[in-house]
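Enquirer: Sharing a structure here in structure tokens format.
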Amino acid sequence: AGGSAYDRLIRGLALFEEYGRPHHLSARITVTPEARDLPGILDHVLSLGFDSAGFSPVLVSPDPKASFQGADFDWMLEGMIACGRKALDAICNGDHFPFSNFETALHEIERGSHRPYPCGAGAAYLSVSSDGGLYACHRLVEDPKYRFGDIWIGSNIAAREGHLAERHVDLQEPCRTCWARYLCGGGCYHEVDRRGRLACDYIRGWLEFCLASYVEIKERAPAYFNNR
């Protein structure tokens with residue numbers, strides 16, 4: 001509806017002073033090709049009082065200029081690693097820097113996560129459209145390929161099982177030969193269907209940094225993984 005999303009955010013945060021603050025407040029920062037100072041943006045968002053914050057690039061948008069192209073992932077990776085190094089230094093010094101992309105990756109590595117799918121779309125959750133249709137997720141509402149029943153008849157179990165059988169990461173190309181497939185899961189269904197797999201090198205580069213950081217933290221600050 002126009003106006004500044006940032007101004008609305010600030011007004012929303014101010015409401016917490018009146019009605020109370022959630023126990024944990026996270027920020028998901030959507031990154032466009034113009035938002036290149038990731039460390040500066042992250043510092044600012046955390047200064048607003050968020051308990052954690054992370055980044056997600058725009059791959060699908062009605063405005064093509066707002067969507068990432070292949071070369072944009074080069075500076076995105078540099079910025080993510082710069083943020084990750086701040087978090088790594090903090091952790092190794094017994095401090096905390098709540099960069100959620102980094103912390104999520106570290107704890108998935110610690111748990112030995114095995115992710116055959118990118119998310120729970122069509123499996124652990126469904127989204128409901130305005131006409132009562134059940135779809136794999138909110139981004140896939142009105143896409144007939146991802147319609148799995150409706151609220152009157154119920155979910156179409158056979159269609160959901162077919163979706164999961166077809167989308168297993170070991171059956172995707174080039175995923176099935178990628179070393180990072182069980183940490184990545186093959187990529188968002190919506191983004192892959194509409195843009196392909198533009199971000200594979202970026203994802204591998206980020207995970208390489210996170211794996212190296214995990215080893216360093218285990219050596220220098222192993223207590224970080226306790227009680228988390």
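By order in the structure tokens, chains are A, B, ...; within a chain, residues start at 1; ligands start at 1, following the order shown.
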Hey, what does DSSP flag as alpha helix (DSSP H) within segment 106-154 of chain A? Can you give it to me as a PyMOL selection string?

Expert: chain A and resi 106-111

Enquirer: With a distance cut-off of 8 Å and only C-alpha atoms, select the neighbouring residues of segment 160-167 of chain A, excluding the residue or stretch itself and same-chain residues fewer than 3 positions from it, and output the selection as a ChimeraX atom specification.

Expert: /A:117,122-123,148,156-157,171-172

Enquirer: Write out as number ranges by chain each polymer residue whose atoms come within 10 Å of Glu103 of chain A, counting only C-alpha atoms; drop sequence neighbours fewer than 3 positions from it.

Expert: A: 52, 54, 84, 87-88, 97-100, 106-109, 210, 214

Enquirer: Between atom CA of Asn101 of chain A and atom CA of Glu208 of chain A, what is the spacing in Å?

Expert: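 The value is 13.4 Å.
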
Enquirer: Atom CA of Leu13 of chain A to atom CA of Gly49 of chain A: how many Å, to one decimal?

Expert: 8.7 Å

Enquirer: Calculate how many Å separate atom CA of Gly149 of chain A from atom CA of Cys119 of chain A, rounding to one decimal.

Expert: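 Computing it gives 19.5 Å between the two atoms.
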
Enquirer: Mind checking which residues fall within 12 Å of segment 220-223 of chain A, counting only C-alpha atoms, ignoring those fewer than 4 positions away in the same chain, and posting them as a list in words?

Expert: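 Within the cut-off, the hits are Leu88, Asp89, Ala90, Ile91, Cys92, Asn93, Gly94, Asp95, His96, Leu106, Glu110, Ser213, Tyr214, Val215, Glu216, Asn227 and Arg228 of chain A.
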
Enquirer: So which residues touch segment 181-184 of chain A within 8 Å, counting only C-alpha atoms, skipping near sequence neighbours fewer than 5 positions away, as a compact mmCIF listing (two decimals) with all heavy atoms, in the first residue's frame?

Expert:
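File written: out23.txt
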```txt
# COMPACT_ATOMS: atom_id res chain seq x y z
N GLU A 108 22.94 -27.28 13.09
CA GLU A 108 22.58 -28.40 12.21
C GLU A 108 23.79 -29.31 12.00
O GLU A 108 23.65 -30.54 11.95
CB GLU A 108 22.05 -27.88 10.88
CG GLU A 108 20.66 -27.27 10.98
CD GLU A 108 20.03 -27.02 9.63
OE1 GLU A 108 20.72 -27.19 8.60
OE2 GLU A 108 18.85 -26.64 9.59
N SER A 113 22.58 -33.10 11.06
CA SER A 113 21.31 -33.04 10.32
C SER A 113 21.43 -33.73 8.97
O SER A 113 22.44 -33.63 8.27
CB SER A 113 20.89 -31.58 10.12
OG SER A 113 20.59 -30.97 11.34
N HIS A 114 20.36 -34.41 8.61
CA HIS A 114 20.25 -35.07 7.31
C HIS A 114 18.95 -34.57 6.70
O HIS A 114 17.87 -35.00 7.09
CB HIS A 114 20.24 -36.59 7.49
CG HIS A 114 20.05 -37.35 6.22
ND1 HIS A 114 18.81 -37.51 5.64
CD2 HIS A 114 20.93 -37.99 5.41
CE1 HIS A 114 18.93 -38.22 4.54
NE2 HIS A 114 20.21 -38.52 4.37
N ARG A 115 19.06 -33.64 5.77
CA ARG A 115 17.87 -32.96 5.25
C ARG A 115 17.61 -33.40 3.80
O ARG A 115 18.20 -32.86 2.87
CB ARG A 115 18.06 -31.45 5.32
CG ARG A 115 16.84 -30.69 4.85
CD ARG A 115 17.13 -29.21 4.70
NE ARG A 115 17.43 -28.57 5.95
CZ ARG A 115 17.75 -27.28 6.05
NH1 ARG A 115 17.83 -26.54 4.96
NH2 ARG A 115 18.02 -26.75 7.21
N PRO A 116 16.70 -34.35 3.59
CA PRO A 116 16.42 -34.78 2.22
C PRO A 116 15.49 -33.84 1.46
O PRO A 116 15.31 -33.98 0.26
CB PRO A 116 15.78 -36.15 2.41
CG PRO A 116 15.13 -36.06 3.76
CD PRO A 116 16.01 -35.16 4.59
N TYR A 117 14.89 -32.88 2.19
CA TYR A 117 14.00 -31.89 1.58
C TYR A 117 14.38 -30.50 2.11
O TYR A 117 14.93 -30.38 3.20
CB TYR A 117 12.54 -32.18 1.93
CG TYR A 117 12.08 -33.55 1.49
CD1 TYR A 117 12.02 -34.61 2.38
CD2 TYR A 117 11.72 -33.78 0.16
CE1 TYR A 117 11.62 -35.87 1.97
CE2 TYR A 117 11.31 -35.04 -0.26
CZ TYR A 117 11.27 -36.08 0.65
OH TYR A 117 10.88 -37.32 0.24
N PRO A 118 14.06 -29.45 1.36
CA PRO A 118 14.44 -28.11 1.81
C PRO A 118 13.63 -27.61 2.99
O PRO A 118 14.08 -26.74 3.74
CB PRO A 118 14.21 -27.24 0.56
CG PRO A 118 13.14 -27.98 -0.20
CD PRO A 118 13.44 -29.43 0.01
N VAL A 169 15.96 -35.12 -2.42
CA VAL A 169 17.17 -34.47 -2.94
C VAL A 169 18.05 -35.43 -3.73
O VAL A 169 18.76 -35.03 -4.65
CB VAL A 169 17.95 -33.81 -1.78
CG1 VAL A 169 18.62 -34.86 -0.90
CG2 VAL A 169 18.98 -32.82 -2.31
N ASP A 170 18.00 -36.72 -3.41
CA ASP A 170 18.81 -37.69 -4.13
C ASP A 170 18.32 -37.93 -5.56
O ASP A 170 19.03 -38.55 -6.36
CB ASP A 170 18.83 -39.04 -3.39
CG ASP A 170 19.76 -39.02 -2.18
OD1 ASP A 170 20.61 -38.11 -2.11
OD2 ASP A 170 19.62 -39.90 -1.32
N CYS A 175 21.61 -31.92 -7.77
CA CYS A 175 21.73 -32.11 -6.32
C CYS A 175 22.29 -33.47 -5.94
O CYS A 175 23.06 -33.58 -4.97
CB CYS A 175 20.37 -31.92 -5.66
SG CYS A 175 19.56 -30.37 -6.06
N ARG A 176 21.89 -34.51 -6.65
CA ARG A 176 22.21 -35.87 -6.18
C ARG A 176 23.70 -36.16 -6.15
O ARG A 176 24.13 -37.10 -5.49
CB ARG A 176 21.49 -36.91 -7.04
CG ARG A 176 21.93 -36.98 -8.48
CD ARG A 176 21.03 -37.92 -9.28
NE ARG A 176 21.52 -38.13 -10.63
CZ ARG A 176 22.40 -39.08 -10.96
NH1 ARG A 176 22.87 -39.88 -10.03
NH2 ARG A 176 22.81 -39.22 -12.19
N ILE A 203 25.57 -21.28 -1.91
CA ILE A 203 25.23 -22.15 -0.79
C ILE A 203 26.44 -22.99 -0.38
O ILE A 203 26.76 -23.12 0.81
CB ILE A 203 24.04 -23.05 -1.15
CG1 ILE A 203 22.77 -22.19 -1.30
CG2 ILE A 203 23.83 -24.14 -0.11
CD1 ILE A 203 21.59 -22.94 -1.89
```

Enquirer: Would you mind listing what lies within 10 Å of Trp206 of chain A as a PyMOL selection string, with only C-alpha atoms counted and same-chain residues fewer than 6 positions away left out?

Expert: chain A and resi 76-78+80-81+84+101-102+105+200

Enquirer: What does the file look like for those residues with N, CA and C atoms, as an mmCIF file, in the first residue's frame?

Expert:
```
data_model
loop_
_atom_site.group_PDB
_atom_site.id
_atom_site.type_symbol
_atom_site.label_atom_id
_atom_site.label_comp_id
_atom_site.auth_asym_id
_atom_site.auth_seq_id
_atom_site.Cartn_x
_atom_site.Cartn_y
_atom_site.Cartn_z
ATOM 1 N N MET A 76 27.002 -11.246 -2.078
ATOM 2 C CA MET A 76 26.202 -11.788 -0.971
ATOM 3 C C MET A 76 27.049 -12.726 -0.124
ATOM 4 N N LEU A 77 27.818 -13.587 -0.772
ATOM 5 C CA LEU A 77 28.664 -14.515 -0.033
ATOM 6 C C LEU A 77 29.722 -13.766 0.775
ATOM 7 N N GLU A 78 30.335 -12.755 0.176
ATOM 8 C CA GLU A 78 31.333 -11.962 0.890
ATOM 9 C C GLU A 78 30.730 -11.323 2.133
ATOM 10 N N MET A 80 27.977 -12.262 3.783
ATOM 11 C CA MET A 80 27.587 -13.278 4.752
ATOM 12 C C MET A 80 28.799 -13.758 5.539
ATOM 13 N N ILE A 81 29.903 -13.985 4.862
ATOM 14 C CA ILE A 81 31.108 -14.442 5.553
ATOM 15 C C ILE A 81 31.636 -13.359 6.489
ATOM 16 N N GLY A 84 29.555 -13.641 9.395
ATOM 17 C CA GLY A 84 29.891 -14.873 10.074
ATOM 18 C C GLY A 84 31.182 -14.771 10.863
ATOM 19 N N ASN A 101 21.620 -17.049 10.534
ATOM 20 C CA ASN A 101 22.076 -17.940 9.462
ATOM 21 C C ASN A 101 23.262 -18.782 9.931
ATOM 22 N N PHE A 102 24.174 -18.136 10.627
ATOM 23 C CA PHE A 102 25.381 -18.800 11.102
ATOM 24 C C PHE A 102 25.059 -19.785 12.216
ATOM 25 N N ALA A 105 23.220 -22.922 10.969
ATOM 26 C CA ALA A 105 24.120 -23.851 10.281
ATOM 27 C C ALA A 105 24.991 -24.602 11.274
ATOM 28 N N CYS A 200 23.531 -22.250 -6.100
ATOM 29 C CA CYS A 200 24.258 -23.440 -5.637
ATOM 30 C C CYS A 200 25.686 -23.118 -5.194
#
```

Enquirer: In segment 116-210 of chain A, what's strand (DSSP E or B) per DSSP? Answer as an MDAnalysis selection string?

Expert: chainID A and resid 121 125 127:128 133:135 147:150 154:155
